[in-house]
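> Sharing data.txt below, compact mmCIF, C-alpha atoms and all ligand atoms:
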```txt
# COMPACT_ATOMS: atom_id res chain seq x y z
CA MET A 1 -85.03 -219.68 -83.91
CA PRO A 2 -86.10 -216.34 -82.47
CA ASP A 3 -83.40 -213.68 -82.11
CA GLN A 4 -83.56 -213.70 -78.31
CA ARG A 5 -82.78 -217.40 -78.11
CA LEU A 6 -79.97 -217.02 -80.63
CA ALA A 7 -78.45 -214.18 -78.58
CA ALA A 8 -78.78 -216.19 -75.36
CA GLY A 9 -76.98 -219.12 -77.02
CA ALA A 10 -74.18 -216.81 -78.22
CA ARG A 11 -73.72 -215.34 -74.75
CA ARG A 12 -73.51 -218.87 -73.33
CA VAL A 13 -70.70 -219.73 -75.77
CA LEU A 14 -68.71 -216.64 -74.81
CA ARG A 15 -69.18 -217.34 -71.10
CA ALA A 16 -68.11 -220.97 -71.54
CA ASN A 17 -64.96 -220.00 -73.48
CA ASP A 18 -63.96 -217.33 -70.94
CA THR A 19 -60.82 -218.35 -69.04
CA GLY A 20 -61.21 -215.49 -66.59
CA ARG A 21 -58.66 -213.18 -68.18
CA TRP A 22 -59.46 -213.69 -71.84
CA THR A 23 -61.70 -215.74 -74.12
CA VAL A 24 -60.24 -218.66 -76.06
CA PRO A 25 -61.49 -219.23 -79.64
CA SER A 26 -62.37 -222.84 -78.71
CA PRO A 27 -61.19 -224.55 -75.50
CA ALA A 28 -60.12 -227.80 -77.17
CA GLN A 29 -58.82 -226.60 -80.53
CA TYR A 30 -57.31 -223.21 -79.64
CA PRO A 31 -56.59 -223.00 -75.89
CA HIS A 32 -54.73 -219.64 -75.92
CA GLN A 33 -55.67 -216.03 -76.70
CA TRP A 34 -55.72 -215.11 -80.38
CA ASN A 35 -55.38 -211.41 -81.16
CA TRP A 36 -58.00 -210.88 -83.86
CA ASP A 37 -60.39 -213.50 -82.43
CA SER A 38 -60.38 -211.60 -79.15
CA ALA A 39 -60.96 -208.30 -80.93
CA PHE A 40 -64.16 -209.69 -82.46
CA VAL A 41 -65.03 -211.28 -79.11
CA ALA A 42 -64.75 -207.89 -77.40
CA VAL A 43 -67.21 -206.39 -79.88
CA GLY A 44 -69.68 -209.18 -79.06
CA LEU A 45 -69.10 -208.99 -75.30
CA ALA A 46 -69.77 -205.25 -75.37
CA THR A 47 -73.40 -205.97 -76.29
CA PHE A 48 -74.04 -207.45 -72.82
CA ASP A 49 -71.05 -207.12 -70.47
CA TRP A 50 -69.08 -203.95 -71.06
CA GLU A 51 -66.48 -204.48 -68.30
CA ARG A 52 -65.69 -207.93 -69.64
CA ALA A 53 -65.32 -206.53 -73.17
CA ALA A 54 -62.86 -203.90 -71.94
CA ALA A 55 -60.89 -206.59 -70.07
CA GLU A 56 -60.66 -208.67 -73.27
CA ILE A 57 -58.98 -205.74 -75.04
CA ASP A 58 -56.70 -205.14 -72.05
CA ALA A 59 -55.53 -208.78 -72.22
CA ILE A 60 -54.54 -208.37 -75.89
CA LEU A 61 -52.59 -205.21 -75.08
CA GLU A 62 -50.82 -206.81 -72.09
CA ALA A 63 -49.04 -209.11 -74.55
CA ARG A 64 -47.44 -206.17 -76.42
CA TRP A 65 -43.87 -206.23 -77.58
CA ARG A 66 -41.36 -203.55 -76.61
CA GLU A 67 -41.35 -202.30 -80.22
CA GLY A 68 -45.14 -202.00 -80.28
CA MET A 69 -46.25 -205.21 -81.97
CA LEU A 70 -49.36 -206.95 -80.62
CA PRO A 71 -48.70 -210.67 -81.16
CA HIS A 72 -51.17 -213.00 -82.79
CA VAL A 73 -51.11 -215.50 -79.89
CA ARG A 74 -50.75 -214.89 -76.18
CA TYR A 75 -50.02 -218.27 -74.63
CA ASP A 76 -51.74 -219.63 -71.56
CA PRO A 77 -48.80 -221.21 -69.67
CA ARG A 78 -51.13 -223.90 -68.28
CA ARG A 79 -52.06 -225.09 -71.79
CA THR A 80 -48.79 -225.07 -73.76
CA ALA A 81 -48.90 -228.86 -74.21
CA ASP A 82 -52.33 -228.61 -75.85
CA TYR A 83 -51.50 -226.60 -78.97
CA PHE A 84 -48.76 -226.63 -81.58
CA PRO A 85 -46.72 -224.51 -82.10
CA GLY A 86 -46.06 -223.38 -78.54
CA PRO A 87 -43.73 -220.59 -77.34
CA ASP A 88 -40.65 -222.87 -77.68
CA ARG A 89 -41.01 -222.52 -81.48
CA TRP A 90 -40.56 -218.74 -81.16
CA PRO A 91 -37.59 -218.68 -78.73
CA ARG A 92 -36.18 -215.24 -79.58
CA ALA A 93 -39.68 -213.74 -79.55
CA GLN A 94 -39.91 -214.03 -75.78
CA ALA A 95 -37.22 -211.40 -75.20
CA HIS A 96 -39.31 -208.89 -77.17
CA VAL A 97 -42.38 -209.13 -74.94
CA ALA A 98 -42.72 -206.02 -72.76
CA ASP A 99 -43.88 -208.06 -69.76
CA SER A 100 -41.25 -210.73 -69.18
CA ALA A 101 -43.83 -213.04 -67.59
CA VAL A 102 -45.94 -213.20 -70.78
CA ARG A 103 -45.29 -215.73 -73.59
CA THR A 104 -46.30 -214.91 -77.15
CA SER A 105 -45.91 -215.91 -80.79
CA GLY A 106 -43.58 -213.85 -83.00
CA ILE A 107 -46.09 -212.51 -85.55
CA THR A 108 -49.17 -210.30 -85.46
CA ASN A 109 -52.70 -210.18 -86.96
CA PRO A 110 -54.64 -207.62 -89.05
CA PRO A 111 -55.14 -204.63 -86.70
CA ILE A 112 -58.87 -205.04 -86.10
CA VAL A 113 -58.15 -204.61 -82.37
CA VAL A 114 -58.04 -200.83 -82.90
CA THR A 115 -61.49 -200.78 -84.49
CA ALA A 116 -62.79 -203.12 -81.79
CA THR A 117 -61.52 -200.75 -79.10
CA LEU A 118 -63.33 -197.84 -80.72
CA LEU A 119 -66.56 -199.87 -81.04
CA VAL A 120 -66.39 -201.18 -77.47
CA GLY A 121 -65.84 -197.64 -76.20
CA ARG A 122 -68.81 -196.34 -78.16
CA ARG A 123 -71.05 -198.87 -76.37
CA GLN A 124 -70.23 -197.30 -72.98
CA PRO A 125 -72.89 -194.63 -72.30
CA ASN A 126 -70.94 -193.03 -69.44
CA ARG A 127 -68.56 -190.51 -71.02
CA GLU A 128 -66.00 -190.59 -68.22
CA ARG A 129 -65.74 -194.37 -68.27
CA ARG A 130 -65.57 -194.38 -72.07
CA LEU A 131 -62.76 -191.82 -72.09
CA ALA A 132 -60.89 -193.62 -69.30
CA PHE A 133 -60.96 -196.82 -71.39
CA TRP A 134 -59.66 -195.06 -74.48
CA ARG A 135 -57.10 -193.10 -72.46
CA ARG A 136 -55.44 -196.27 -71.19
CA THR A 137 -55.62 -198.19 -74.50
CA TYR A 138 -54.83 -195.39 -76.96
CA PRO A 139 -51.02 -195.16 -76.46
CA VAL A 140 -50.59 -198.92 -76.97
CA LEU A 141 -52.84 -198.99 -80.04
CA ARG A 142 -51.08 -195.99 -81.49
CA ARG A 143 -47.70 -197.69 -81.11
CA PHE A 144 -49.10 -200.80 -82.81
CA VAL A 145 -50.31 -198.80 -85.81
CA GLU A 146 -46.90 -197.09 -85.99
CA TYR A 147 -45.11 -200.43 -85.63
CA LEU A 148 -46.95 -201.73 -88.70
CA SER A 149 -46.21 -198.55 -90.58
CA HIS A 150 -42.49 -198.31 -89.77
CA ARG A 151 -41.22 -201.79 -88.92
CA ARG A 152 -43.27 -203.52 -91.58
CA ARG A 153 -42.38 -201.26 -94.47
CA VAL A 154 -40.63 -202.48 -97.59
CA PRO A 155 -38.71 -199.81 -99.55
CA GLY A 156 -40.87 -197.77 -101.88
CA SER A 157 -44.27 -198.49 -100.35
CA PRO A 158 -46.24 -197.22 -97.34
CA LEU A 159 -48.25 -200.49 -97.26
CA VAL A 160 -47.85 -203.12 -94.51
CA ALA A 161 -45.60 -206.17 -95.04
CA VAL A 162 -47.18 -209.41 -93.79
CA VAL A 163 -44.58 -212.10 -93.15
CA HIS A 164 -46.54 -215.28 -92.43
CA PRO A 165 -49.87 -216.76 -93.62
CA TRP A 166 -50.91 -217.10 -89.94
CA GLU A 167 -50.41 -213.37 -89.63
CA SER A 168 -53.13 -212.76 -92.23
CA GLY A 169 -55.44 -215.16 -90.34
CA TRP A 170 -56.32 -216.78 -93.71
CA ASP A 171 -53.80 -219.56 -93.15
CA ASN A 172 -54.10 -221.79 -96.22
CA SER A 173 -56.00 -219.45 -98.52
CA PRO A 174 -55.16 -219.84 -102.25
CA ARG A 175 -53.90 -216.26 -101.86
CA TRP A 176 -50.78 -217.80 -100.32
CA ASP A 177 -50.32 -220.87 -102.54
CA HIS A 178 -47.07 -219.48 -103.92
CA LEU A 179 -45.53 -220.47 -100.57
CA ARG A 180 -46.15 -224.13 -101.49
CA GLY A 181 -44.17 -223.66 -104.68
CA ALA A 182 -41.15 -222.54 -102.66
CA GLY A 183 -40.90 -226.07 -101.19
CA LEU A 184 -39.64 -224.93 -97.77
CA ARG A 185 -38.98 -227.53 -95.06
CA PRO A 186 -38.35 -226.70 -91.40
CA ARG A 187 -35.12 -227.91 -89.81
CA ARG A 188 -36.68 -228.97 -86.50
CA PRO A 189 -39.05 -231.96 -86.73
CA PHE A 190 -42.59 -231.39 -85.49
CA THR A 191 -45.88 -233.14 -84.82
CA ARG A 192 -49.12 -231.43 -85.75
CA GLN A 193 -51.86 -231.28 -83.14
CA ASP A 194 -54.45 -229.32 -85.09
CA ALA A 195 -56.44 -232.22 -86.55
CA ARG A 196 -57.28 -233.99 -83.32
CA GLY A 197 -60.92 -232.97 -83.01
CA VAL A 198 -61.65 -232.17 -86.66
CA PRO A 199 -61.16 -234.11 -89.93
CA ALA A 200 -57.61 -233.76 -91.29
CA SER A 201 -59.14 -233.20 -94.74
CA ASP A 202 -60.68 -229.93 -93.48
CA ARG A 203 -57.36 -228.58 -92.21
CA PRO A 204 -54.34 -227.14 -94.08
CA SER A 205 -52.17 -229.84 -95.72
CA ASP A 206 -48.86 -231.20 -94.37
CA ALA A 207 -47.05 -229.34 -97.15
CA ASP A 208 -48.69 -226.11 -95.93
CA TYR A 209 -47.48 -226.84 -92.39
CA ASP A 210 -43.92 -227.45 -93.60
CA GLY A 211 -44.02 -223.95 -95.08
CA TYR A 212 -45.53 -222.41 -91.93
CA LEU A 213 -42.92 -223.93 -89.62
CA ALA A 214 -40.04 -223.11 -91.95
CA LEU A 215 -41.14 -219.46 -91.99
CA VAL A 216 -41.33 -219.49 -88.18
CA GLU A 217 -37.69 -220.62 -88.13
CA LEU A 218 -36.66 -217.92 -90.63
CA LEU A 219 -38.44 -215.25 -88.60
CA ASP A 220 -36.88 -216.36 -85.34
CA GLU A 221 -33.39 -216.59 -86.88
CA ALA A 222 -33.87 -213.02 -88.12
CA ASP A 223 -34.89 -212.00 -84.58
CA TYR A 224 -38.11 -210.68 -86.16
CA GLU A 225 -36.30 -207.94 -88.06
CA LEU A 226 -37.97 -207.43 -91.45
CA GLY A 227 -34.88 -206.66 -93.54
CA THR A 228 -32.97 -209.72 -92.32
CA TYR A 229 -36.01 -211.95 -92.79
CA ARG A 230 -36.75 -210.64 -96.30
CA ALA A 231 -33.23 -211.34 -97.47
CA ARG A 232 -33.87 -215.06 -96.88
CA SER A 233 -37.59 -215.63 -97.21
CA PRO A 234 -39.85 -216.35 -100.21
CA PHE A 235 -42.88 -215.04 -98.31
CA CYS A 236 -43.63 -211.36 -97.84
CA VAL A 237 -46.94 -209.87 -99.00
CA HIS A 238 -49.13 -206.81 -98.90
CA ASP A 239 -52.34 -208.48 -97.71
CA VAL A 240 -55.30 -206.56 -99.11
CA LEU A 241 -57.32 -207.05 -95.92
CA ALA A 242 -54.51 -206.22 -93.48
CA ASP A 243 -53.78 -203.05 -95.47
CA ALA A 244 -57.46 -202.03 -95.48
CA LEU A 245 -57.70 -202.66 -91.74
CA TRP A 246 -54.53 -200.64 -91.12
CA TYR A 247 -56.17 -197.65 -92.83
CA ARG A 248 -59.35 -198.19 -90.81
CA ALA A 249 -57.27 -198.48 -87.63
CA ALA A 250 -55.48 -195.20 -88.39
CA ARG A 251 -58.83 -193.45 -88.84
CA ASP A 252 -60.40 -195.07 -85.79
CA LEU A 253 -57.36 -194.04 -83.78
CA ALA A 254 -57.92 -190.47 -84.99
CA GLU A 255 -61.47 -190.58 -83.67
CA MET A 256 -60.23 -191.67 -80.24
CA ALA A 257 -57.54 -188.98 -80.37
CA GLY A 258 -60.20 -186.34 -81.09
CA GLU A 259 -62.25 -187.46 -78.07
CA LEU A 260 -59.16 -187.44 -75.86
CA GLY A 261 -57.95 -184.03 -77.04
CA GLU A 262 -54.83 -185.57 -78.61
CA PRO A 263 -53.39 -184.42 -81.97
CA PRO A 264 -54.25 -186.56 -85.04
CA PRO A 265 -52.02 -189.66 -84.84
CA VAL A 266 -51.52 -190.08 -88.60
CA SER A 267 -51.40 -187.06 -90.92
CA ARG A 268 -53.84 -186.59 -93.81
CA TRP A 269 -50.86 -186.72 -96.13
CA ARG A 270 -49.86 -190.18 -94.88
CA LEU A 271 -53.43 -191.47 -95.14
CA ASP A 272 -53.79 -190.17 -98.69
CA ARG A 273 -50.46 -191.62 -99.72
CA PHE A 274 -51.45 -194.97 -98.23
CA ALA A 275 -54.84 -194.95 -100.02
CA ALA A 276 -53.16 -194.15 -103.36
CA ALA A 277 -50.67 -197.00 -102.90
CA PHE A 278 -53.52 -199.33 -101.91
CA GLU A 279 -55.38 -198.56 -105.13
CA GLU A 280 -52.26 -198.91 -107.24
CA ARG A 281 -51.08 -202.23 -105.73
CA HIS A 282 -54.32 -203.97 -104.84
CA TRP A 283 -56.79 -203.15 -107.63
CA ASP A 284 -56.66 -205.81 -110.34
CA PRO A 285 -58.33 -204.38 -113.45
CA ASP A 286 -58.41 -207.76 -115.21
CA LEU A 287 -60.17 -209.56 -112.36
CA GLY A 288 -62.26 -206.54 -111.39
CA LEU A 289 -61.41 -207.22 -107.74
CA TYR A 290 -59.00 -206.11 -105.05
CA VAL A 291 -56.25 -208.71 -104.51
CA ASP A 292 -52.94 -209.13 -102.68
CA TRP A 293 -49.43 -208.13 -103.70
CA ASP A 294 -46.40 -210.41 -103.61
CA CYS A 295 -43.49 -208.23 -102.40
CA VAL A 296 -40.93 -210.90 -103.38
CA ALA A 297 -42.04 -211.38 -106.99
CA GLY A 298 -43.17 -207.75 -107.30
CA ARG A 299 -46.61 -208.55 -108.72
CA ARG A 300 -50.26 -208.95 -107.83
CA ILE A 301 -51.52 -212.33 -106.65
CA ALA A 302 -54.43 -212.61 -109.06
CA ARG A 303 -56.70 -214.92 -107.01
CA PRO A 304 -60.39 -214.13 -106.58
CA THR A 305 -61.19 -214.39 -102.85
CA ALA A 306 -63.47 -212.57 -100.42
CA ALA A 307 -60.48 -210.76 -98.89
CA GLY A 308 -60.86 -207.91 -101.38
CA LEU A 309 -64.53 -207.64 -100.52
CA ALA A 310 -63.89 -207.67 -96.77
CA ALA A 311 -61.41 -204.87 -97.47
CA LEU A 312 -64.41 -202.60 -98.05
CA ALA A 313 -64.47 -202.35 -94.24
CA GLY A 314 -61.28 -200.29 -94.44
CA GLY A 315 -63.19 -197.33 -95.87
CA LEU A 316 -60.53 -196.54 -98.48
CA ILE A 317 -61.96 -198.27 -101.56
CA VAL A 318 -62.72 -195.92 -104.45
CA PRO A 319 -66.55 -195.48 -104.08
CA GLU A 320 -67.52 -196.52 -107.60
CA ARG A 321 -65.57 -199.76 -107.12
CA ALA A 322 -67.57 -200.91 -104.06
CA ALA A 323 -70.74 -201.87 -105.94
CA ALA A 324 -68.75 -203.29 -108.85
CA THR A 325 -66.65 -205.43 -106.50
CA TRP A 326 -69.75 -206.77 -104.78
CA GLU A 327 -71.50 -207.57 -108.09
CA ARG A 328 -68.44 -209.24 -109.52
CA TYR A 329 -67.86 -211.41 -106.46
CA ALA A 330 -71.57 -212.28 -106.15
CA ALA A 331 -71.58 -213.41 -109.80
CA LEU A 332 -68.52 -215.60 -109.23
CA SER A 333 -70.14 -217.07 -106.08
CA ALA A 334 -73.46 -218.10 -107.65
CA GLY A 335 -74.89 -221.15 -105.86
CA ALA A 336 -72.91 -220.57 -102.64
CA ARG A 337 -74.04 -219.21 -99.30
CA ALA A 338 -72.70 -215.71 -98.70
CA VAL A 339 -69.88 -214.98 -98.35
CA CYS A 340 -67.74 -217.90 -99.52
CA THR A 341 -64.04 -217.15 -99.05
CA VAL A 342 -63.21 -218.64 -102.48
CA PRO A 343 -65.80 -218.84 -105.30
CA PRO A 344 -67.01 -222.38 -106.20
CA GLY A 345 -65.81 -222.10 -109.82
CA ASP A 346 -62.21 -221.45 -108.79
CA PRO A 347 -59.85 -224.43 -109.29
CA ALA A 348 -58.64 -224.03 -105.68
CA PHE A 349 -62.16 -224.11 -104.22
CA ASP A 350 -62.76 -226.67 -101.47
CA ALA A 351 -66.10 -226.42 -99.66
CA ARG A 352 -64.79 -227.65 -96.32
CA ARG A 353 -61.05 -227.09 -96.24
CA TYR A 354 -60.41 -224.17 -93.94
CA TRP A 355 -59.75 -220.89 -95.79
CA ARG A 356 -60.22 -222.36 -99.29
CA GLY A 357 -63.95 -221.74 -99.74
CA PRO A 358 -65.98 -221.92 -96.53
CA VAL A 359 -67.95 -219.07 -94.99
CA TRP A 360 -66.42 -217.41 -91.92
CA ALA A 361 -68.63 -215.21 -89.74
CA PRO A 362 -66.02 -212.52 -88.97
CA VAL A 363 -65.29 -212.12 -92.69
CA ASN A 364 -69.01 -211.62 -93.26
CA TRP A 365 -69.10 -209.05 -90.46
CA LEU A 366 -66.38 -207.08 -92.25
CA VAL A 367 -68.12 -207.41 -95.61
CA ALA A 368 -71.47 -206.26 -94.19
CA ASP A 369 -69.81 -203.35 -92.41
CA GLY A 370 -67.97 -202.28 -95.56
CA LEU A 371 -71.05 -202.57 -97.77
CA ALA A 372 -73.10 -200.49 -95.32
CA SER A 373 -70.49 -197.76 -95.11
CA ALA A 374 -70.29 -197.68 -98.92
CA GLY A 375 -74.07 -197.00 -98.93
CA LEU A 376 -75.01 -200.49 -100.16
CA ARG A 377 -77.61 -201.03 -97.43
CA ALA A 378 -79.64 -203.82 -99.06
CA GLU A 379 -76.50 -205.81 -99.89
CA ALA A 380 -75.20 -205.33 -96.33
CA ALA A 381 -78.55 -206.55 -94.94
CA SER A 382 -78.45 -209.63 -97.15
CA VAL A 383 -74.98 -210.57 -95.87
CA ARG A 384 -76.09 -209.96 -92.30
CA ASP A 385 -79.29 -212.01 -92.66
CA GLY A 386 -77.50 -214.77 -94.56
CA THR A 387 -74.91 -215.06 -91.80
CA LEU A 388 -77.52 -215.21 -89.05
CA ASP A 389 -79.46 -217.85 -91.02
CA LEU A 390 -76.36 -220.04 -91.22
CA VAL A 391 -75.84 -219.77 -87.45
CA ARG A 392 -79.53 -220.48 -86.76
CA GLU A 393 -79.32 -223.62 -88.90
CA ALA A 394 -75.87 -224.93 -88.00
CA GLY A 395 -74.93 -223.38 -84.64
CA PHE A 396 -71.87 -221.36 -83.65
CA ALA A 397 -69.46 -223.36 -85.78
CA GLU A 398 -65.91 -222.24 -86.48
CA TYR A 399 -66.91 -221.94 -90.16
CA PHE A 400 -69.51 -223.22 -92.64
CA ASP A 401 -69.70 -225.22 -95.86
CA PRO A 402 -70.92 -222.64 -98.43
CA LEU A 403 -72.73 -225.25 -100.56
CA THR A 404 -74.65 -227.14 -97.85
CA GLY A 405 -74.53 -224.69 -94.93
CA GLU A 406 -73.18 -227.48 -92.72
CA PRO A 407 -71.03 -226.63 -89.69
CA CYS A 408 -67.26 -227.25 -90.01
CA GLY A 409 -64.26 -227.13 -87.68
CA ALA A 410 -64.71 -226.75 -83.94
CA GLY A 411 -68.15 -226.10 -82.44
CA ASP A 412 -69.24 -223.36 -80.02
CA PHE A 413 -66.69 -221.02 -81.52
CA SER A 414 -66.13 -217.64 -79.88
CA TRP A 415 -65.89 -215.29 -82.85
CA THR A 416 -68.96 -216.80 -84.49
CA ALA A 417 -70.93 -216.20 -81.28
CA ALA A 418 -69.51 -212.68 -80.90
CA VAL A 419 -70.28 -211.65 -84.48
CA THR A 420 -73.80 -213.05 -84.09
CA LEU A 421 -74.39 -210.79 -81.07
CA ASP A 422 -73.15 -207.70 -82.84
CA LEU A 423 -75.13 -208.42 -86.03
CA LEU A 424 -78.28 -208.91 -83.93
CA ALA A 425 -77.60 -205.72 -81.98
CA ARG A 426 -77.07 -203.72 -85.16
CA ALA A 427 -80.54 -204.61 -86.35
CA ASP A 428 -82.17 -203.23 -83.18
C1 LIG B 501 -56.62 -220.33 -87.34
O1 LIG B 501 -55.22 -220.14 -87.23
C2 LIG B 501 -54.43 -220.91 -86.32
C3 LIG B 501 -52.99 -220.39 -86.42
O2 LIG B 501 -52.92 -219.08 -85.95
C4 LIG B 501 -54.45 -222.40 -86.57
O3 LIG B 501 -54.96 -222.85 -87.61
O4 LIG B 501 -53.93 -223.12 -85.72
C5 LIG B 501 -57.17 -219.26 -88.30
O5 LIG B 501 -58.50 -219.52 -88.63
C6 LIG B 501 -57.04 -217.87 -87.69
O6 LIG B 501 -57.63 -216.89 -88.51
C7 LIG B 501 -57.66 -217.81 -86.31
O7 LIG B 501 -57.35 -216.57 -85.72
C8 LIG B 501 -57.18 -218.96 -85.40
C9 LIG B 501 -57.97 -219.06 -84.11
O8 LIG B 501 -59.37 -219.06 -84.38
O9 LIG B 501 -57.28 -220.23 -86.07
```
Take the structure in this file and express it as structure tokens.


Amino acid sequence: MPDQRLAAGARRVLRANDTGRWTVPSPAQYPHQWNWDSAFVAVGLATFDWERAAAEIDAILEARWREGMLPHVRYDPRRTADYFPGPDRWPRAQAHVADSAVRTSGITNPPIVVTATLLVGRRQPNRERRLAFWRRTYPVLRRFVEYLSHRRRVPGSPLVAVVHPWESGWDNSPRWDHLRGAGLRPRRPFTRQDARGVPASDRPSDADYDGYLALVELLDEADYELGTYRARSPFCVHDVLADALWYRAARDLAEMAGELGEPPPVSRWRLDRFAAAFEERHWDPDLGLYVDWDCVAGRRIARPTAAGLAALAGGLIVPERAAATWERYAALSAGARAVCTVPPGDPAFDARRYWRGPVWAPVNWLVADGLASAGLRAEAASVRDGTLDLVREAGFAEYFDPLTGEPCGAGDFSWTAAVTLDLLARAD
């Protein structure tokens, strides 16, 4: 399919999923606004409708909490019956929302919204309009970065504490399988709604959902205060990708600050300290990959996944490790379409089950971006071309089977369309 037709198809998906104020990931499967989905969507929208891209970012920021958090879901009050869990599962969360008319979840997402805001702004050729956009978004983004730094800090580390698998966005990744071992059960009964339009065997398991809902209860009982939650919860991690994207966010914020004549938002000393802690906690010398850290057990989670590769997008990986990480992961992934989220040889690999192997376009976007900024141009181009080939063959699927290239999950998915547009535009 020629690039122009592909781009036209992607624009159609984004238009169809636009509710007027924000873009839903998929109208049937995910009828609300998701934080990091919308950040990727804004990057895609900026390639053809700049005002709409800016409005997408504004809608994420309108859901902010008084303490600075940007929640992972902003609920559409007209669609609460169509997705589980709704706002009633996060009752105490609602009092934290700055705008009392807005309903949100009680957790956040990796802070890619900051990077998206920088990228959207850069696509505006008119300097005054660009600066006006950054001027109104910068204070909210800055508070979000500071929220993650201060309210999500465990003693002894500057890294970010992630408190729920949904917060990472990699819901049922093998990275979080230790949650299964904890055997948590929620107190309130619940009925899943997530496998209505897609095969249940592609979705997270019932045992995973028990863990997710039990953690939601623990978070709400703790009124979303980290210390109280940690005292009772088996799940608290330094997610390698969330940490990398925090560092990227802090640097992208500094670029906006420079343009706006504001002082640097995060000192060099803090950035350097963060990068040193990242290397110390996340680099696994035995695996030869960057991995996550379990703050409860106090050890690395030694699972090979693409999260450590996507973390290259943070721009804080020791340079000589970038090529080695790519080569190591490519060797583990032989026979799979790039970039599989879990390598086929891993015992946890499942070609179709959500975050346990399939290819996800936004992950590939991060990997390609990180490889390019590490100077690995040919490798970045191969990830970009491989991603576009998958979309050409299978459409704008939520995700893809890495062995067959078949589409999985919901169709006409917003972030797949958005990433396609940006990857096409980057080649121009
Ligand atoms: C998936 O997560 C939601 C929960 O937040 C779900 O499964 O119901 C993940 O793929 C996540 O990364 C994504 O942001 C969300 C919407 O696309 O769906």

> Hey, could you make a per-residue contact list for region 36-85 of chain A against region 344-367 of chain A with 12 Å as the cut-off, showing the nearest pair of atoms and its distance in Å to one decimal, counting all atoms listed in the file, sorted by chain and number, as a Markdown table?


```
| residue | atom | partner | partner_atom | distance |
| --- | --- | --- | --- | --- |
| A:Trp36 | CA | A:Pro362 | CA | 9.6 |
| A:Asp37 | CA | A:Pro362 | CA | 8.7 |
| A:Ser38 | CA | A:Pro362 | CA | 11.4 |
| A:Ala39 | CA | A:Pro362 | CA | 10.4 |
| A:Phe40 | CA | A:Pro362 | CA | 7.3 |
| A:Val41 | CA | A:Pro362 | CA | 10.0 |
| A:Val43 | CA | A:Pro362 | CA | 11.0 |
| A:Gly44 | CA | A:Pro362 | CA | 11.1 |
```

> Using C-alpha atoms, can you export the residues from the last selection as a PDB file, in the frame of the given file?


```
ATOM      1  CA  TRP A  36     -58.000-210.880 -83.860  1.00  0.00           C
ATOM      2  CA  ASP A  37     -60.390-213.500 -82.430  1.00  0.00           C
ATOM      3  CA  SER A  38     -60.380-211.600 -79.150  1.00  0.00           C
ATOM      4  CA  ALA A  39     -60.960-208.300 -80.930  1.00  0.00           C
ATOM      5  CA  PHE A  40     -64.160-209.690 -82.460  1.00  0.00           C
ATOM      6  CA  VAL A  41     -65.030-211.280 -79.110  1.00  0.00           C
ATOM      7  CA  VAL A  43     -67.210-206.390 -79.880  1.00  0.00           C
ATOM      8  CA  GLY A  44     -69.680-209.180 -79.060  1.00  0.00           C
TER       9      GLY A  44
END
```

> Could you pull out the residues sitting within 7 Å of ligand LIG 501 (chain B), using all atoms listed in the file, and write them as an NGL selection string?

:A and (25 or 30 or 34 or 36-37 or 166 or 169-171 or 194)

> Let me make sure I understand: among A:Glu56, A:Asp49, A:Asp239, A:Asp82, which one has the smallest atom-to-atom distance to Thr19 (chain A) if we use only C-alpha atoms?

A:Glu56

> Would you mind telling me which residue in A:Leu287, A:Leu61, A:Pro2, A:Glu217 lies nearest to Trp90 (chain A) when using only C-alpha atoms?

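Among A:Leu287, A:Leu61, A:Pro2, A:Glu217, it is A:Glu217 that comes nearest to Trp90 (chain A).
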
> At a cut-off of 7 Å from (-43.3, -209.9, -87.7) in the coordinates of the file, what residues are picked up using all atoms listed in the file, written as number ranges by chain?

A: 106-108, 163, 224, 226

> Provide an axis-aligned box for all listed atoms of region 349-354 of chain A, padding each side by 6 Å; report its centre and its edge lengths in Å to one decimal, as AutoDock Vina command-line options.


```
--center_x -63.3 --center_y -225.9 --center_z -99.1 --size_x 17.7 --size_y 15.5 --size_z 22.3
```

> Only N, CA and C atoms, as a PDB file, in the first residue's frame: that is what I want for region 268-274 of chain A.


```
ATOM      1  N   ARG A 268      20.856  19.971  37.046  1.00  0.00           N
ATOM      2  CA  ARG A 268      21.801  18.996  36.469  1.00  0.00           C
ATOM      3  C   ARG A 268      22.140  17.937  37.508  1.00  0.00           C
ATOM      4  N   TRP A 269      22.291  18.396  38.740  1.00  0.00           N
ATOM      5  CA  TRP A 269      22.653  17.463  39.815  1.00  0.00           C
ATOM      6  C   TRP A 269      21.588  16.393  39.980  1.00  0.00           C
ATOM      7  N   ARG A 270      20.321  16.822  39.946  1.00  0.00           N
ATOM      8  CA  ARG A 270      19.225  15.827  40.096  1.00  0.00           C
ATOM      9  C   ARG A 270      19.191  14.868  38.914  1.00  0.00           C
ATOM     10  N   LEU A 271      19.393  15.400  37.709  1.00  0.00           N
ATOM     11  CA  LEU A 271      19.384  14.537  36.523  1.00  0.00           C
ATOM     12  C   LEU A 271      20.511  13.502  36.595  1.00  0.00           C
ATOM     13  N   ASP A 272      21.687  13.976  36.993  1.00  0.00           N
ATOM     14  CA  ASP A 272      22.844  13.058  37.057  1.00  0.00           C
ATOM     15  C   ASP A 272      22.632  11.994  38.123  1.00  0.00           C
ATOM     16  N   ARG A 273      22.065  12.411  39.233  1.00  0.00           N
ATOM     17  CA  ARG A 273      21.814  11.453  40.316  1.00  0.00           C
ATOM     18  C   ARG A 273      20.788  10.410  39.859  1.00  0.00           C
ATOM     19  N   PHE A 274      19.793  10.873  39.129  1.00  0.00           N
ATOM     20  CA  PHE A 274      18.757   9.965  38.629  1.00  0.00           C
ATOM     21  C   PHE A 274      19.374   8.964  37.648  1.00  0.00           C
TER      22      PHE A 274
END
```
